[in-house]
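As provided, run07.cif (mmCIF, C-alpha atoms and all ligand atoms) reads as follows.
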```
data_model
#
loop_
_atom_site.label_atom_id
_atom_site.label_comp_id
_atom_site.auth_asym_id
_atom_site.auth_seq_id
_atom_site.Cartn_x
_atom_site.Cartn_y
_atom_site.Cartn_z
CA MET G 1 -36.81 -5.00 -13.51
CA THR G 2 -35.43 -8.51 -13.73
CA TYR G 3 -31.75 -9.18 -13.70
CA SER G 4 -29.57 -11.48 -15.69
CA GLU G 5 -28.52 -14.90 -14.50
CA ASN G 6 -24.98 -13.53 -14.97
CA ILE G 7 -25.17 -11.71 -11.64
CA ALA G 8 -27.55 -14.03 -9.81
CA ARG G 9 -24.96 -14.84 -7.13
CA LEU G 10 -23.01 -11.59 -7.20
CA GLN G 11 -22.14 -9.94 -3.87
CA PRO G 12 -20.35 -6.59 -3.53
CA SER G 13 -16.71 -6.82 -2.45
CA ALA G 14 -16.64 -7.22 1.35
CA THR G 15 -13.13 -5.77 1.65
CA VAL G 16 -14.20 -2.67 -0.26
CA ALA G 17 -17.47 -2.48 1.73
CA VAL G 18 -15.79 -2.49 5.16
CA SER G 19 -13.25 0.12 4.20
CA THR G 20 -15.96 2.33 2.63
CA LEU G 21 -18.03 2.09 5.82
CA ALA G 22 -14.98 2.96 7.95
CA LYS G 23 -14.27 6.04 5.81
CA LYS G 24 -17.92 7.11 6.06
CA LEU G 25 -17.98 6.77 9.86
CA SER G 26 -14.74 8.78 10.11
CA ALA G 27 -16.23 11.50 7.88
CA GLU G 28 -19.22 11.64 10.25
CA GLY G 29 -16.85 12.44 13.09
CA ARG G 30 -16.57 9.00 14.72
CA ASP G 31 -13.17 8.05 16.12
CA ILE G 32 -12.38 5.16 13.78
CA ILE G 33 -9.09 3.38 13.27
CA ASN G 34 -9.31 1.88 9.82
CA LEU G 35 -7.34 -1.36 9.64
CA SER G 36 -9.52 -2.83 6.91
CA ALA G 37 -8.16 -1.51 3.66
CA GLY G 38 -5.56 -3.48 1.76
CA GLU G 39 -3.90 -0.36 0.49
CA PRO G 40 -0.54 1.19 1.28
CA ASP G 41 -0.86 4.36 3.37
CA PHE G 42 2.06 5.96 1.49
CA ARG G 43 1.76 8.57 -1.20
CA THR G 44 2.77 7.50 -4.67
CA PRO G 45 6.50 8.32 -5.01
CA GLU G 46 6.87 11.87 -6.33
CA GLY G 47 8.82 10.95 -9.50
CA ILE G 48 6.01 8.61 -10.59
CA SER G 49 3.30 11.21 -9.94
CA GLN G 50 5.33 13.83 -11.84
CA ALA G 51 5.59 11.52 -14.84
CA GLY G 52 1.81 11.14 -14.86
CA ILE G 53 1.30 14.91 -14.62
CA GLU G 54 3.81 15.56 -17.41
CA GLY G 55 2.11 12.88 -19.49
CA ILE G 56 -1.16 14.80 -19.24
CA ARG G 57 0.60 18.11 -20.08
CA GLU G 58 2.26 16.52 -23.09
CA GLY G 59 -1.11 15.41 -24.41
CA ARG G 60 -0.81 11.72 -23.59
CA THR G 61 -4.53 11.72 -22.99
CA ARG G 62 -5.82 9.60 -25.84
CA TYR G 63 -6.60 5.91 -26.19
CA THR G 64 -3.73 3.45 -26.22
CA PRO G 65 -3.77 0.01 -27.83
CA ALA G 66 -6.03 -2.34 -25.81
CA PRO G 67 -3.18 -4.32 -24.21
CA GLY G 68 -1.35 -1.13 -23.24
CA LEU G 69 1.45 1.15 -24.40
CA PRO G 70 4.03 -1.03 -26.19
CA GLU G 71 6.85 0.35 -24.04
CA LEU G 72 4.87 -0.37 -20.84
CA ARG G 73 4.13 -3.92 -21.95
CA ALA G 74 7.84 -4.40 -22.59
CA ALA G 75 8.76 -2.90 -19.20
CA ALA G 76 6.17 -5.07 -17.41
CA ALA G 77 7.49 -8.17 -19.20
CA ALA G 78 11.04 -7.29 -18.12
CA TYR G 79 9.86 -6.62 -14.53
CA MET G 80 7.98 -9.90 -14.25
CA THR G 81 10.57 -12.13 -15.90
CA ALA G 82 13.73 -10.56 -14.40
CA GLY G 83 16.06 -13.34 -13.29
CA THR G 84 13.77 -16.08 -14.67
CA ALA G 85 13.97 -18.41 -17.67
CA PHE G 86 10.70 -17.12 -19.15
CA PRO G 87 11.03 -14.83 -22.20
CA SER G 88 10.75 -11.09 -21.63
CA GLU G 89 8.21 -10.64 -24.42
CA ALA G 90 5.83 -7.68 -24.58
CA ALA G 91 3.31 -9.74 -26.56
CA ARG G 92 2.72 -11.94 -23.51
CA VAL G 93 1.66 -8.98 -21.37
CA VAL G 94 -1.73 -7.24 -21.19
CA VAL G 95 -1.92 -4.03 -19.16
CA SER G 96 -5.28 -3.56 -17.42
CA ALA G 97 -7.13 -1.23 -15.05
CA GLY G 98 -5.63 -2.90 -12.00
CA ALA G 99 -4.66 -6.51 -11.44
CA LYS G 100 -8.33 -6.98 -10.62
CA GLN G 101 -9.17 -6.57 -14.28
CA SER G 102 -6.23 -8.79 -15.27
CA LEU G 103 -7.62 -11.57 -13.08
CA PHE G 104 -11.12 -11.07 -14.40
CA ASN G 105 -9.86 -11.17 -17.99
CA ALA G 106 -8.11 -14.46 -17.27
CA CYS G 107 -11.14 -16.04 -15.58
CA PHE G 108 -13.53 -14.90 -18.29
CA CYS G 109 -11.33 -16.13 -21.12
CA LEU G 110 -10.49 -19.47 -19.53
CA PHE G 111 -13.59 -20.68 -17.66
CA GLY G 112 -17.24 -21.19 -18.46
CA PRO G 113 -20.35 -23.21 -17.62
CA GLY G 114 -19.57 -26.70 -16.34
CA ASP G 115 -15.99 -25.84 -15.36
CA GLU G 116 -14.69 -26.01 -11.82
CA VAL G 117 -11.92 -23.78 -10.55
CA LEU G 118 -9.93 -24.60 -7.42
CA ILE G 119 -9.22 -21.59 -5.25
CA GLY G 120 -6.62 -21.70 -2.50
CA ALA G 121 -8.47 -20.85 0.72
CA PRO G 122 -8.55 -18.60 2.59
CA TYR G 123 -8.79 -16.62 -0.62
CA TRP G 124 -8.90 -13.01 -1.69
CA THR G 125 -12.56 -12.15 -1.73
CA SER G 126 -12.86 -11.42 -5.46
CA TYR G 127 -11.64 -14.77 -6.87
CA PRO G 128 -14.85 -16.77 -6.34
CA GLU G 129 -16.92 -13.88 -7.66
CA MET G 130 -14.85 -13.65 -10.82
CA VAL G 131 -15.15 -17.37 -11.43
CA THR G 132 -18.90 -17.17 -10.82
CA LEU G 133 -19.22 -14.24 -13.23
CA ALA G 134 -17.69 -16.52 -15.86
CA ARG G 135 -20.50 -18.97 -14.92
CA ALA G 136 -18.00 -21.54 -13.71
CA GLU G 137 -18.00 -23.10 -10.24
CA PRO G 138 -15.50 -21.88 -7.62
CA VAL G 139 -14.18 -24.71 -5.42
CA PRO G 140 -12.36 -23.39 -2.34
CA VAL G 141 -9.64 -25.73 -1.10
CA ALA G 142 -7.65 -25.06 2.07
CA GLY G 143 -4.36 -26.57 3.07
CA SER G 144 -3.91 -27.57 6.69
CA GLU G 145 -3.96 -24.85 9.33
CA GLY G 146 -0.63 -26.14 10.64
CA ARG G 147 0.93 -25.31 7.26
CA ASP G 148 -0.61 -21.82 7.25
CA PHE G 149 -3.21 -23.15 4.81
CA LEU G 150 -0.63 -23.55 2.02
CA LEU G 151 -1.72 -26.21 -0.48
CA THR G 152 0.01 -29.40 -1.50
CA PRO G 153 -0.66 -31.54 -4.58
CA ASP G 154 -2.49 -33.97 -2.26
CA ASP G 155 -4.91 -31.23 -1.21
CA LEU G 156 -5.48 -30.39 -4.86
CA GLU G 157 -5.93 -33.99 -5.89
CA GLY G 158 -8.54 -34.42 -3.13
CA ALA G 159 -10.60 -31.52 -4.50
CA ALA G 160 -10.16 -31.99 -8.26
CA THR G 161 -12.63 -33.62 -10.62
CA ALA G 162 -12.65 -34.23 -14.36
CA ARG G 163 -14.19 -30.77 -14.67
CA THR G 164 -11.38 -28.90 -12.94
CA LYS G 165 -10.01 -26.32 -15.37
CA GLY G 166 -8.13 -23.87 -13.18
CA LEU G 167 -6.33 -23.21 -9.93
CA ILE G 168 -6.04 -19.72 -8.42
CA ILE G 169 -3.53 -18.93 -5.69
CA SER G 170 -1.99 -15.79 -4.23
CA SER G 171 1.53 -15.79 -2.84
CA PRO G 172 2.31 -13.83 -0.73
CA SER G 173 -1.26 -14.52 0.28
CA ASN G 174 -4.00 -12.06 0.91
CA PRO G 175 -5.31 -12.58 3.63
CA THR G 176 -2.72 -14.75 5.43
CA GLY G 177 0.66 -13.42 4.28
CA ALA G 178 1.84 -17.02 3.81
CA VAL G 179 4.34 -17.56 0.99
CA TYR G 180 5.03 -20.66 -1.12
CA THR G 181 8.62 -21.75 -1.63
CA LYS G 182 9.80 -22.31 -5.20
CA ALA G 183 9.69 -26.07 -4.59
CA GLU G 184 6.10 -25.90 -3.34
CA LEU G 185 5.07 -23.82 -6.34
CA GLY G 186 6.88 -26.28 -8.60
CA ALA G 187 5.00 -29.23 -7.12
CA MET G 188 1.65 -27.52 -7.66
CA ALA G 189 2.55 -26.42 -11.19
CA GLU G 190 3.58 -29.98 -12.00
CA TRP G 191 0.29 -31.29 -10.64
CA ALA G 192 -1.62 -28.68 -12.67
CA LYS G 193 0.26 -29.55 -15.85
CA ALA G 194 -0.43 -33.26 -15.44
CA ARG G 195 -4.13 -32.50 -14.92
CA GLY G 196 -4.38 -30.01 -17.80
CA VAL G 197 -5.28 -27.28 -15.30
CA THR G 198 -4.27 -23.64 -15.86
CA LEU G 199 -2.49 -22.10 -12.88
CA ILE G 200 -3.38 -18.48 -12.16
CA SER G 201 -0.75 -17.12 -9.81
CA ASP G 202 -1.58 -13.73 -8.30
CA GLU G 203 1.75 -12.16 -7.37
CA ILE G 204 0.64 -8.61 -6.60
CA TYR G 205 2.43 -8.74 -3.21
CA GLN G 206 5.61 -10.31 -4.59
CA GLU G 207 7.87 -7.42 -3.59
CA ILE G 208 6.32 -7.10 -0.14
CA TYR G 209 8.29 -10.01 1.18
CA TYR G 210 10.05 -10.53 4.51
CA GLY G 211 12.18 -13.53 3.54
CA GLU G 212 15.57 -13.79 1.84
CA GLY G 213 15.98 -12.07 -1.51
CA ASP G 214 14.29 -9.16 -3.26
CA ARG G 215 10.97 -10.79 -3.86
CA ALA G 216 8.91 -13.82 -3.01
CA PRO G 217 9.28 -16.88 -5.26
CA GLY G 218 6.85 -16.75 -8.17
CA ALA G 219 5.54 -19.09 -10.85
CA LEU G 220 7.91 -17.55 -13.41
CA ASP G 221 10.87 -18.76 -11.33
CA LEU G 222 9.95 -22.29 -12.42
CA ASP G 223 11.35 -24.15 -15.39
CA PRO G 224 9.19 -23.09 -18.37
CA ASP G 225 9.22 -26.66 -19.71
CA ALA G 226 8.06 -28.16 -16.43
CA ALA G 227 5.30 -25.61 -15.83
CA GLY G 228 2.07 -26.03 -17.76
CA ASP G 229 -0.35 -23.28 -18.75
CA LEU G 230 0.20 -20.23 -16.58
CA VAL G 231 -1.20 -16.79 -16.01
CA VAL G 232 0.78 -14.57 -13.64
CA THR G 233 -0.72 -11.30 -12.46
CA ASN G 234 1.03 -8.38 -10.84
CA GLY G 235 0.70 -4.61 -10.86
CA MET G 236 1.54 -1.18 -9.52
CA SER G 237 -0.95 -0.94 -6.62
CA LYS G 238 0.97 -2.39 -3.73
CA ALA G 239 4.78 -2.15 -4.03
CA PHE G 240 4.54 1.18 -5.89
CA ALA G 241 1.72 2.63 -3.72
CA MET G 242 -0.42 3.33 -6.81
CA THR G 243 -3.82 1.80 -5.91
CA GLY G 244 -5.90 4.66 -7.33
CA TRP G 245 -4.02 4.88 -10.62
CA ARG G 246 -5.43 1.49 -11.60
CA VAL G 247 -2.63 -0.28 -13.44
CA GLY G 248 -2.08 -4.03 -13.31
CA PHE G 249 -0.74 -6.56 -15.76
CA SER G 250 -0.77 -10.23 -16.69
CA TYR G 251 1.89 -12.45 -18.26
CA THR G 252 0.84 -15.57 -20.13
CA SER G 253 1.08 -17.22 -23.54
CA ARG G 254 0.88 -14.93 -26.60
CA GLU G 255 -2.36 -16.69 -27.62
CA LEU G 256 -4.17 -16.14 -24.32
CA ALA G 257 -2.80 -12.58 -24.09
CA ALA G 258 -4.37 -11.84 -27.51
CA ARG G 259 -7.72 -13.17 -26.32
CA MET G 260 -7.59 -11.22 -23.08
CA SER G 261 -6.74 -8.11 -25.07
CA ALA G 262 -9.71 -8.73 -27.40
CA LEU G 263 -12.02 -9.05 -24.38
CA GLN G 264 -10.64 -5.88 -22.84
CA SER G 265 -10.98 -4.02 -26.15
CA HIS G 266 -14.76 -4.35 -25.76
CA VAL G 267 -15.01 -3.85 -22.02
CA SER G 268 -12.76 -0.92 -21.10
CA LEU G 269 -10.19 -0.76 -23.92
CA ASN G 270 -7.18 0.43 -21.98
CA ALA G 271 -5.96 1.39 -18.51
CA ALA G 272 -6.05 5.20 -18.22
CA THR G 273 -3.32 6.60 -20.45
CA PRO G 274 -1.67 8.99 -17.95
CA SER G 275 -1.64 6.14 -15.42
CA GLN G 276 0.20 3.98 -17.93
CA VAL G 277 2.77 6.76 -18.44
CA ALA G 278 3.24 6.96 -14.66
CA ALA G 279 3.50 3.16 -14.39
CA LEU G 280 6.20 3.13 -17.08
CA GLU G 281 8.19 5.61 -15.01
CA GLY G 282 7.61 3.44 -11.92
CA LEU G 283 9.02 0.36 -13.64
CA THR G 284 12.02 2.11 -15.19
CA ARG G 285 13.27 4.40 -12.40
CA GLY G 286 16.23 2.19 -11.52
CA GLU G 287 18.05 3.04 -8.30
CA GLU G 288 15.72 5.81 -7.25
CA GLY G 289 12.69 3.53 -7.61
CA ALA G 290 14.41 0.77 -5.67
CA ARG G 291 15.12 3.22 -2.83
CA ASP G 292 11.44 4.23 -2.63
CA ARG G 293 10.32 0.62 -2.55
CA ASP G 294 12.93 -0.28 0.09
CA ARG G 295 11.72 2.58 2.27
CA MET G 296 8.12 1.33 2.10
CA LEU G 297 9.16 -2.28 2.61
CA ALA G 298 11.15 -1.31 5.72
CA ALA G 299 7.99 0.26 7.18
CA PHE G 300 5.89 -2.81 6.34
CA ARG G 301 8.53 -5.03 7.94
CA ARG G 302 8.66 -2.90 11.09
CA ARG G 303 4.85 -2.93 11.38
CA ARG G 304 4.72 -6.69 10.94
CA GLY G 305 7.14 -6.95 13.89
CA LEU G 306 5.03 -4.49 15.87
CA VAL G 307 1.72 -6.25 15.27
CA THR G 308 3.02 -9.73 16.06
CA ARG G 309 4.67 -8.42 19.26
CA LEU G 310 1.43 -6.75 20.33
CA PHE G 311 -0.60 -9.90 19.68
CA ASP G 312 1.88 -12.06 21.59
CA GLU G 313 1.80 -9.65 24.52
CA LEU G 314 -1.89 -8.68 24.64
CA LEU G 315 -3.64 -11.73 23.19
CA PRO G 316 -1.39 -14.69 23.97
CA GLY G 317 -4.20 -17.19 23.39
CA CYS G 318 -5.09 -15.84 19.97
CA SER G 319 -3.47 -17.72 17.12
CA TYR G 320 -2.51 -16.01 13.89
CA VAL G 321 -0.63 -16.82 10.72
CA ARG G 322 2.87 -15.36 10.91
CA PRO G 323 3.09 -13.25 7.74
CA GLU G 324 6.06 -13.84 5.45
CA GLY G 325 4.79 -11.25 2.98
CA ALA G 326 1.97 -8.81 2.13
CA PHE G 327 0.63 -6.42 4.80
CA TYR G 328 -2.05 -8.24 6.77
CA LEU G 329 -2.47 -10.20 9.97
CA TYR G 330 -4.97 -13.05 9.81
CA PHE G 331 -6.02 -14.18 13.27
CA ARG G 332 -8.63 -16.31 14.99
CA VAL G 333 -11.56 -14.66 16.67
CA ASP G 334 -13.63 -17.73 17.48
CA GLY G 335 -12.27 -17.73 21.06
CA VAL G 336 -14.90 -15.11 21.93
CA PHE G 337 -17.84 -16.74 20.18
CA ASN G 338 -20.86 -16.96 22.49
CA GLY G 339 -24.66 -16.89 22.29
CA GLU G 340 -24.59 -13.43 20.70
CA MET G 341 -21.37 -13.48 18.71
CA LYS G 342 -21.51 -16.55 16.54
CA SER G 343 -19.27 -15.62 13.63
CA ALA G 344 -16.36 -13.40 12.64
CA SER G 345 -18.87 -10.95 11.20
CA ASP G 346 -20.52 -10.58 14.62
CA VAL G 347 -17.14 -10.13 16.29
CA CYS G 348 -15.98 -7.53 13.74
CA THR G 349 -19.24 -5.61 14.10
CA ARG G 350 -18.74 -5.57 17.90
CA ILE G 351 -15.12 -4.42 17.44
CA LEU G 352 -16.26 -1.60 15.15
CA GLU G 353 -19.09 -0.51 17.44
CA GLU G 354 -17.32 -0.81 20.79
CA ALA G 355 -13.71 -0.19 19.92
CA GLY G 356 -14.02 1.91 16.77
CA VAL G 357 -11.66 -0.36 14.85
CA ALA G 358 -12.50 -1.55 11.34
CA ILE G 359 -11.21 -4.98 10.30
CA VAL G 360 -12.51 -7.50 7.78
CA PRO G 361 -14.37 -10.64 8.94
CA GLY G 362 -13.07 -13.96 7.70
CA GLU G 363 -16.32 -14.73 5.87
CA ALA G 364 -14.91 -12.50 3.12
CA PHE G 365 -12.06 -15.00 2.71
CA GLY G 366 -14.02 -18.19 3.26
CA ASP G 367 -13.41 -18.85 6.99
CA ALA G 368 -15.78 -17.45 9.65
CA ARG G 369 -13.38 -18.26 12.51
CA TYR G 370 -10.86 -15.63 11.46
CA ALA G 371 -10.54 -11.90 10.85
CA ARG G 372 -7.99 -9.87 8.88
CA MET G 373 -6.40 -6.61 9.87
CA SER G 374 -4.25 -4.56 7.54
CA THR G 375 -0.82 -3.41 8.69
CA ALA G 376 -0.62 -0.80 5.93
CA SER G 377 -1.39 1.90 8.50
CA SER G 378 0.72 4.09 10.75
CA ASP G 379 2.50 2.46 13.69
CA GLU G 380 0.32 4.56 16.04
CA ASP G 381 -2.91 3.32 14.45
CA ILE G 382 -1.71 -0.28 14.56
CA GLU G 383 -0.73 -0.01 18.22
CA GLN G 384 -3.91 1.80 19.28
CA GLY G 385 -6.06 -0.43 17.07
CA VAL G 386 -4.70 -3.68 18.51
CA ARG G 387 -4.96 -2.37 22.08
CA ARG G 388 -8.59 -1.41 21.54
CA MET G 389 -9.43 -4.68 19.77
CA ALA G 390 -7.76 -6.68 22.51
CA ARG G 391 -10.25 -5.36 25.04
CA VAL G 392 -13.12 -6.84 23.02
CA LEU G 393 -11.26 -10.05 22.20
CA ARG G 394 -10.38 -10.62 25.84
CA GLY G 395 -14.05 -10.33 26.57
CA GLY G 396 -13.99 -7.27 28.79
N1 LIG N 401 -5.02 -9.52 -5.84
C1 LIG N 401 -4.98 -9.38 -4.51
C2 LIG N 401 -4.63 -10.56 -3.68
C3 LIG N 401 -5.25 -8.13 -3.92
O1 LIG N 401 -5.20 -8.00 -2.60
C4 LIG N 401 -5.57 -7.05 -4.74
C5 LIG N 401 -5.87 -5.71 -4.08
N2 LIG N 401 -7.08 -5.17 -4.35
C6 LIG N 401 -5.61 -7.26 -6.13
C7 LIG N 401 -5.33 -8.50 -6.64
C8 LIG N 401 -5.99 -6.21 -7.12
O2 LIG N 401 -5.22 -5.07 -7.06
P1 LIG N 401 -5.37 -3.92 -8.11
O3 LIG N 401 -6.61 -4.14 -8.88
O4 LIG N 401 -5.40 -2.67 -7.29
O5 LIG N 401 -4.15 -4.00 -8.99
N1 LIG N 402 -6.89 -5.85 -2.05
C1 LIG N 402 -7.37 -5.00 -1.05
C2 LIG N 402 -8.04 -5.78 0.07
O1 LIG N 402 -8.07 -6.99 0.04
C3 LIG N 402 -8.19 -3.86 -1.57
C4 LIG N 402 -9.67 -4.02 -1.65
C5 LIG N 402 -10.07 -4.95 -2.76
O2 LIG N 402 -9.94 -4.57 -3.93
O3 LIG N 402 -10.47 -6.06 -2.44
O4 LIG N 402 -8.47 -5.17 1.01
#
```

Write out the structure in this file as structure tokens.
Ligand code: PMP
Ligand code: GLU
Amino acid sequence: MTYSENIARLQPSATVAVSTLAKKLSAEGRDIINLSAGEPDFRTPEGISQAGIEGIREGRTRYTPAPGLPELRAAAAAYMTAGTAFPSEAARVVVSAGAKQSLFNACFCLFGPGDEVLIGAPYWTSYPEMVTLARAEPVPVAGSEGRDFLLTPDDLEGAATARTKGLIISSPSNPTGAVYTKAELGAMAEWAKARGVTLISDEIYQEIYYGEGDRAPGALDLDPDAAGDLVVTNGMSKAFAMTGWRVGFSYTSRELAARMSALQSHVSLNAATPSQVAALEGLTRGEEGARDRDRMLAAFRRRRGLVTRLFDELLPGCSYVRPEGAFYLYFRVDGVFNGEMKSASDVCTRILEEAGVAIVPGEAFGDARYARMSTASSDEDIEQGVRRMARVLRGG
């Protein structure tokens, strides 16, 4: 069989692959601490699950419109634009099977052969693949390490060409946890507007934020007249602990939303209907919902304190990006490179084999000097996992 040029460069998701391997080894009886998966370890809040179950019982088991249930689109628009100057308009929202599909819809509708797309590096592993699937060229661009890799307009200008059509960033970032300020986002949006570049801002971790205020600054906090073409993606997976329900959403212009909806109508049609019913409950639960999210955020905050303390104590020479959001720690592993361990992949394989700890090598995010561990695990697993890893990283 020969395969299409469409998938000539396609690689399976490395983040998914490591966590699948870790689950398999655990199922085989190995003592594995899985710090690879970017998925909350909490159960979906009971009220949300109940709404999904009742939805099924009430017969909400048929197709919905391609861009989602009208009331869910409206609720997602209200959620994303709360406190901003952007209009809370359902027609600007497309509900998808996870933010992953939202991002793919955006890339496929916006980019094509001959286009270049700047991707803030280190990047979430799926962005370059999505751009490549659209047959456009991903162009990773990293800010300076001293600024936690956050980009400035100068970095962008240095990497842009006449073919640059898009810029993809995540803030809070997966894998670093770094967060742009509103001013920094504004400067990039201004640059993008002047260049005629569409800014895709992945804000899936927006509520998992350790700074001041309820959520990290986002592109919709900007002045709508100053910002150019925008796509903002968000969803239920992280802050609502709903990864397996597969509900994400995008907010953009009505015109692009209609095109993304048309694409989705041929690819998957709609996010699973009971999941949409559950997501609607998640977005409209008011006080009770806020309490659930605060409880999870408090745990993420505590674990971020725990992991940074453990690194400072056990691996004082190992530098890491201090996370301001999301639930990862991104740290350097090149201190132990030697004749046998030449890359983060080699180091992570050694850590899995010798210490039984699964983490993701930085190659998945575009930098082979680093590795990423998830802090969306129990405090005990984090503590044990770092202690075990430290033995390998200290070289003994
Ligand atoms: N963006 C980032 C940065 C992520 O880490 C994830 C998690 N897989 C997603 C998007 C997609 O999330 P989902 O498809 O579960 O909504
Ligand atoms: N976003 C998570 C991660 O980065 C989940 C896996 C994935 O979809 O990439 O680990």

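Proximal residues of ligand LIG 402 (chain N) are Ser13, Thr15, Val16, Ser36, Ala37, Gly38, Glu39, Trp124, Thr125, Ser126 and Asn174 of chain G, by a cut-off of 7 Å on all atoms listed in the file.
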
Using all atoms listed in the file, what does the table of stretch 243-293 of chain G residues within 10 Å of stretch 69-72 of chain G look like, with each row giving the shortest atom pair and its distance in Å to one decimal, sorted by chain and ascending number, as JSON lines?
```
{"residue": "G:Phe249", "atom": "CA", "partner": "G:Leu72", "partner_atom": "CA", "distance": 9.8}
{"residue": "G:Asn270", "atom": "CA", "partner": "G:Leu69", "partner_atom": "CA", "distance": 9.0}
{"residue": "G:Ala271", "atom": "CA", "partner": "G:Leu69", "partner_atom": "CA", "distance": 9.5}
{"residue": "G:Thr273", "atom": "CA", "partner": "G:Leu69", "partner_atom": "CA", "distance": 8.2}
{"residue": "G:Gln276", "atom": "CA", "partner": "G:Leu72", "partner_atom": "CA", "distance": 7.0}
{"residue": "G:Val277", "atom": "CA", "partner": "G:Leu72", "partner_atom": "CA", "distance": 7.8}
{"residue": "G:Ala278", "atom": "CA", "partner": "G:Leu72", "partner_atom": "CA", "distance": 9.7}
{"residue": "G:Ala279", "atom": "CA", "partner": "G:Leu72", "partner_atom": "CA", "distance": 7.5}
{"residue": "G:Leu280", "atom": "CA", "partner": "G:Leu72", "partner_atom": "CA", "distance": 5.3}
{"residue": "G:Glu281", "atom": "CA", "partner": "G:Leu72", "partner_atom": "CA", "distance": 9.0}
{"residue": "G:Leu283", "atom": "CA", "partner": "G:Leu72", "partner_atom": "CA", "distance": 8.3}
{"residue": "G:Thr284", "atom": "CA", "partner": "G:Leu72", "partner_atom": "CA", "distance": 9.4}
```

- Message: Let me see if you get this right: every residue at most 10 Å from ligand LIG 401 (chain N), counting all atoms listed in the file, written as number ranges by chain.
- Response: G: 13, 15-16, 37-39, 96-104, 123-127, 169-175, 177, 201-205, 233-238, 241-249, 326-328

Residues near G:Leu297, cut-off 8 Å, all atoms listed in the file, skip fewer than 4 positions along chain, as an mmCIF file with C-alpha atoms, keeping the file's coordinate frame:
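Full text of selection.cif as output:
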```
data_model
loop_
_atom_site.group_PDB
_atom_site.id
_atom_site.type_symbol
_atom_site.label_atom_id
_atom_site.label_comp_id
_atom_site.auth_asym_id
_atom_site.auth_seq_id
_atom_site.Cartn_x
_atom_site.Cartn_y
_atom_site.Cartn_z
ATOM 1 C CA ILE G 208 6.320 -7.100 -0.140
ATOM 2 C CA TYR G 209 8.290 -10.010 1.180
ATOM 3 C CA ALA G 239 4.780 -2.150 -4.030
ATOM 4 C CA ARG G 293 10.320 0.620 -2.550
ATOM 5 C CA ARG G 301 8.530 -5.030 7.940
#
```

- Please provide as a ChimeraX atom specification all residues within 7 Å of G:Arg92, with the sequence filter that same-chain residues fewer than 5 positions apart are discarded (counting all atoms listed in the file). /G:251-254,257

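Nearest residue to G:Cys107 among G:Gly339, G:Pro45, G:Gly325, G:Gly166 is G:Gly166, counting only C-alpha atoms.
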
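Across G:Val360, G:Thr2, G:Arg62, G:Val232, the tightest approach to G:Thr20 is made by G:Val360 when counting only C-alpha atoms.
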
- Message: Using all atoms listed in the file and a cutoff of 10 Å, can you tell me which residues are near (4.1, -11.6, -23.8) in the file's coordinates, and write them out as a PyMOL selection string?
- Response: chain G and resi 73-74+76-78+86-94+250-258

Only N, CA and C atoms, please: stretch 363-373 of chain G from the block, as a PDB file, in the first residue's frame.
```
ATOM      1  N   GLU G 363      12.308  16.474  23.219  1.00  0.00           N
ATOM      2  CA  GLU G 363      12.175  16.386  21.751  1.00  0.00           C
ATOM      3  C   GLU G 363      10.726  16.596  21.337  1.00  0.00           C
ATOM      4  N   ALA G 364       9.797  16.139  22.179  1.00  0.00           N
ATOM      5  CA  ALA G 364       8.366  16.271  21.860  1.00  0.00           C
ATOM      6  C   ALA G 364       7.947  17.739  21.778  1.00  0.00           C
ATOM      7  N   PHE G 365       8.745  18.610  22.403  1.00  0.00           N
ATOM      8  CA  PHE G 365       8.380  20.031  22.451  1.00  0.00           C
ATOM      9  C   PHE G 365       9.408  20.892  21.721  1.00  0.00           C
ATOM     10  N   GLY G 366      10.328  20.213  21.031  1.00  0.00           N
ATOM     11  CA  GLY G 366      11.282  20.955  20.207  1.00  0.00           C
ATOM     12  C   GLY G 366      12.578  21.328  20.888  1.00  0.00           C
ATOM     13  N   ASP G 367      12.931  20.708  22.041  1.00  0.00           N
ATOM     14  CA  ASP G 367      14.198  21.051  22.697  1.00  0.00           C
ATOM     15  C   ASP G 367      14.737  19.827  23.431  1.00  0.00           C
ATOM     16  N   ALA G 368      15.771  19.200  22.873  1.00  0.00           N
ATOM     17  CA  ALA G 368      16.297  17.924  23.388  1.00  0.00           C
ATOM     18  C   ALA G 368      17.156  18.088  24.638  1.00  0.00           C
ATOM     19  N   ARG G 369      17.227  19.304  25.193  1.00  0.00           N
ATOM     20  CA  ARG G 369      17.976  19.482  26.445  1.00  0.00           C
ATOM     21  C   ARG G 369      17.070  19.349  27.671  1.00  0.00           C
ATOM     22  N   TYR G 370      15.768  19.345  27.421  1.00  0.00           N
ATOM     23  CA  TYR G 370      14.802  19.433  28.514  1.00  0.00           C
ATOM     24  C   TYR G 370      13.930  18.184  28.619  1.00  0.00           C
ATOM     25  N   ALA G 371      13.225  18.073  29.733  1.00  0.00           N
ATOM     26  CA  ALA G 371      12.162  17.062  29.863  1.00  0.00           C
ATOM     27  C   ALA G 371      10.991  17.729  30.590  1.00  0.00           C
ATOM     28  N   ARG G 372       9.828  17.124  30.475  1.00  0.00           N
ATOM     29  CA  ARG G 372       8.628  17.669  31.125  1.00  0.00           C
ATOM     30  C   ARG G 372       8.018  16.623  32.033  1.00  0.00           C
ATOM     31  N   MET G 373       7.770  17.023  33.279  1.00  0.00           N
ATOM     32  CA  MET G 373       6.970  16.133  34.133  1.00  0.00           C
ATOM     33  C   MET G 373       5.645  16.815  34.426  1.00  0.00           C
TER      34      MET G 373
END
```
